[in-house]
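Novice: File name final-v1.txt; file contents compact mmCIF, C-alpha atoms; full text below.
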```
# COMPACT_ATOMS: atom_id res chain seq x y z
CA GLN W 1 18.39 -73.07 77.81
CA VAL W 2 18.54 -69.42 78.73
CA GLN W 3 16.26 -67.73 81.22
CA LEU W 4 15.72 -64.00 81.06
CA VAL W 5 14.06 -62.01 83.84
CA GLU W 6 13.15 -58.36 83.43
CA SER W 7 12.54 -55.96 86.27
CA GLY W 8 12.30 -52.25 86.92
CA GLY W 9 9.04 -51.37 85.24
CA GLY W 10 6.43 -49.18 86.86
CA LEU W 11 4.41 -46.01 86.67
CA VAL W 12 6.20 -42.76 85.90
CA GLN W 13 5.13 -39.27 84.93
CA ALA W 14 5.87 -37.90 81.49
CA GLY W 15 9.38 -36.51 81.38
CA GLY W 16 10.59 -38.97 83.98
CA SER W 17 13.07 -41.83 83.84
CA LEU W 18 13.18 -45.54 84.52
CA ARG W 19 15.86 -48.19 84.34
CA LEU W 20 14.93 -51.70 83.32
CA SER W 21 17.09 -54.72 84.03
CA CYS W 22 17.35 -58.05 82.24
CA ALA W 23 19.15 -60.79 84.12
CA ALA W 24 20.24 -63.91 82.25
CA SER W 25 20.79 -67.36 83.72
CA GLY W 26 21.32 -70.86 82.45
CA ARG W 27 23.50 -71.22 79.39
CA SER W 28 26.20 -68.61 78.86
CA VAL W 29 24.94 -65.68 76.80
CA SER W 30 28.30 -63.99 76.34
CA SER W 31 28.28 -64.66 72.58
CA TYR W 32 24.61 -63.84 72.11
CA ALA W 33 22.91 -60.76 70.78
CA VAL W 34 20.44 -59.09 73.11
CA GLY W 35 17.53 -56.85 72.33
CA TRP W 36 14.82 -54.88 74.05
CA PHE W 37 11.36 -54.87 72.51
CA ARG W 38 8.09 -53.35 73.59
CA GLN W 39 4.46 -54.05 72.90
CA ALA W 40 1.57 -51.72 73.53
CA PRO W 41 -2.05 -52.96 73.58
CA GLY W 42 -3.30 -53.67 70.08
CA LYS W 43 0.10 -53.14 68.51
CA ASP W 44 2.84 -55.38 67.22
CA ARG W 45 5.94 -56.02 69.25
CA GLU W 46 8.49 -53.44 68.19
CA PHE W 47 12.26 -53.22 68.39
CA VAL W 48 13.68 -50.70 70.84
CA THR W 49 17.42 -51.38 71.01
CA GLY W 50 19.95 -54.17 70.52
CA THR W 51 23.59 -55.03 70.93
CA ARG W 52 25.82 -57.99 71.63
CA TRP W 53 26.01 -59.24 75.20
CA ASN W 54 29.82 -58.99 75.22
CA GLY W 55 29.94 -55.56 73.60
CA GLY W 56 29.99 -54.15 70.10
CA ASN W 57 27.71 -51.99 68.03
CA THR W 58 24.50 -50.74 69.54
CA TYR W 59 21.32 -50.01 67.60
CA TYR W 60 18.28 -47.96 68.51
CA ALA W 61 14.86 -47.40 67.04
CA ASP W 62 14.46 -43.84 65.82
CA SER W 63 11.66 -43.28 68.32
CA VAL W 64 13.99 -43.77 71.29
CA LYS W 65 17.32 -42.56 69.93
CA GLY W 66 18.85 -39.99 72.26
CA ARG W 67 16.50 -40.90 75.12
CA PHE W 68 17.17 -44.60 75.79
CA THR W 69 20.51 -46.25 76.47
CA ILE W 70 21.37 -49.94 76.61
CA SER W 71 24.24 -51.04 78.81
CA ARG W 72 25.54 -54.26 80.30
CA ASP W 73 27.22 -55.64 83.38
CA ASN W 74 28.92 -58.82 82.27
CA ALA W 75 29.87 -59.78 85.80
CA LYS W 76 26.19 -59.85 86.71
CA ASN W 77 25.02 -61.26 83.36
CA THR W 78 22.63 -58.32 83.24
CA VAL W 79 21.64 -55.85 80.56
CA TYR W 80 20.02 -52.53 81.38
CA LEU W 81 17.74 -50.17 79.53
CA GLN W 82 17.96 -46.62 80.83
CA MET W 83 14.95 -44.65 79.67
CA THR W 84 14.77 -40.87 80.00
CA SER W 85 12.39 -38.16 78.81
CA LEU W 86 9.59 -40.68 78.81
CA ASN W 87 6.30 -39.85 77.12
CA THR W 88 2.94 -41.55 77.02
CA GLU W 89 3.79 -43.26 73.74
CA ASP W 90 6.51 -45.20 75.57
CA SER W 91 3.88 -47.01 77.65
CA ALA W 92 4.09 -50.72 76.86
CA VAL W 93 5.23 -54.07 78.13
CA TYR W 94 8.99 -54.20 77.67
CA TYR W 95 10.68 -57.48 76.83
CA CYS W 96 14.28 -58.56 76.85
CA ALA W 97 15.32 -61.14 74.26
CA ALA W 98 18.48 -63.06 73.41
CA SER W 99 19.57 -64.55 70.12
CA ALA W 100 22.19 -67.13 69.27
CA ARG W 101 21.50 -66.59 65.55
CA ILE W 102 22.28 -62.91 65.03
CA TYR W 103 25.86 -62.64 63.80
CA ARG W 104 25.89 -59.83 61.28
CA ASN W 105 26.44 -56.23 62.18
CA GLY W 106 23.72 -53.85 61.20
CA ILE W 107 20.35 -53.06 62.68
CA ILE W 108 18.40 -55.19 60.19
CA SER W 109 19.22 -58.45 61.97
CA TYR W 110 18.07 -57.06 65.29
CA LEU W 111 14.68 -55.73 64.19
CA SER W 112 12.58 -58.86 63.88
CA PRO W 113 11.33 -60.68 66.98
CA ASP W 114 11.58 -63.88 64.92
CA ASN W 115 15.37 -63.67 65.09
CA TYR W 116 15.42 -64.14 68.87
CA ASP W 117 15.50 -67.46 70.66
CA TYR W 118 14.75 -66.56 74.27
CA TRP W 119 12.38 -64.07 75.83
CA GLY W 120 11.71 -62.74 79.27
CA GLN W 121 8.23 -62.45 80.73
CA GLY W 122 8.08 -58.70 80.22
CA THR W 123 7.75 -55.73 82.55
CA GLN W 124 5.06 -53.07 82.33
CA VAL W 125 6.01 -49.44 81.83
CA THR W 126 3.23 -46.90 82.14
CA VAL W 127 3.86 -43.22 81.51
CA SER W 128 1.19 -40.84 82.75
CA SER W 129 0.58 -37.39 81.29
```
Would you give me this structure, written as structure tokens?
Specialist:
Amino acid sequence: QVQLVESGGGLVQAGGSLRLSCAASGRSVSSYAVGWFRQAPGKDREFVTGTRWNGGNTYYADSVKGRFTISRDNAKNTVYLQMTSLNTEDSAVYYCAASARIYRNGIISYLSPDNYDYWGQGTQVTVSS
């Protein structure tokens, strides 16, 4: 089993920045893919960004490209999501997810929540205007 714990959410003004963290424990995730998703009230959970825990290609949703950056600290088993130039449409609960089943390169495999095996509890991000 893998446990994922997100942190770093909060309230920020439009134009501001936040950094989310996702710490993994339990089974080794070094060979897993990792993704960040978000879900706003009344909307489906949507892909934000994804990569492999031990490095490799990184993929971003068009809505966050150039503003959000995913990074990792393998020594800490932690993945980060640096969010800048936040706007009100970024307000959502942000989830970290890990997958043992995503092997192919290309964003398509990372998009669907169904392709992920483990999820964190989520952290709320609220952007005020």
Novice: Neighbours of region 14-24 of chain W within 9 Å (only C-alpha atoms; same-chain residues fewer than 3 positions away dropped), as a ChimeraX atom specification?
Specialist: /W:2-10,27-29,76-88,94-97,120,123,125,127-129
Novice: If I take CA of Asn57 (chain W) and CA of Ala98 (chain W), how far is one from the other in Å, to one decimal?
Specialist: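 Computed distance, CA of Asn57 (chain W) to CA of Ala98 (chain W), equals 15.4 Å.
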Novice: Determine, counting only C-alpha atoms, which protein, DNA and RNA residues have an atom within 10 Å of an atom of Tyr32 (chain W); residues of the same chain fewer than 3 positions away are not included. Present the result as a list of chain:residue names.
Specialist: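 My reading of the contact set: W:Ser28, W:Val29, W:Gly35, W:Thr51, W:Arg52, W:Trp53, W:Asn54, W:Gly55, W:Ala97, W:Ala98, W:Ser99, W:Ala100, W:Arg101, W:Ile102, W:Tyr103, W:Tyr116, W:Asp117.
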Novice: Can you work out which one of W:Phe37, W:Phe68, W:Phe47, W:Tyr59 has the shortest atom-to-atom distance to Leu111 (chain W), counting all atoms listed in the file?
Specialist: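 Using all atoms listed in the file, Leu111 (chain W) sits closest to W:Phe47.
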Novice: Please compute the CA of Thr126 (chain W)-CA of Pro41 (chain W) distance, one decimal, in Å.
Specialist: 11.7 Å
Novice: Tell me which of W:Tyr60, W:Ala33, W:Lys43, W:Val93 sits closest to Gln121 (chain W), counting only C-alpha atoms.
Specialist: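 Closest to Gln121 (chain W) of all the choices is W:Val93.
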Novice: Around all listed atoms of region 23-26 of chain W, padded 6 Å per side, what centre and edge lengths does the axis-aligned box have in Å to one decimal, as AutoDock Vina command-line options?
Specialist:
```
--center_x 20.2 --center_y -65.8 --center_z 83.2 --size_x 14.2 --size_y 22.1 --size_z 13.9
```
Novice: Check the smallest atom-to-atom distance from each of W:Thr49, W:Asn74, W:Lys65, W:Gly42 to Ser25 (chain W) using only C-alpha atoms, then report the winner.
Specialist: W:Asn74
Novice: Between CA of Arg38 (chain W) and CA of Ser109 (chain W), what is the distance, to one decimal in Å?
Specialist: 16.9 Å
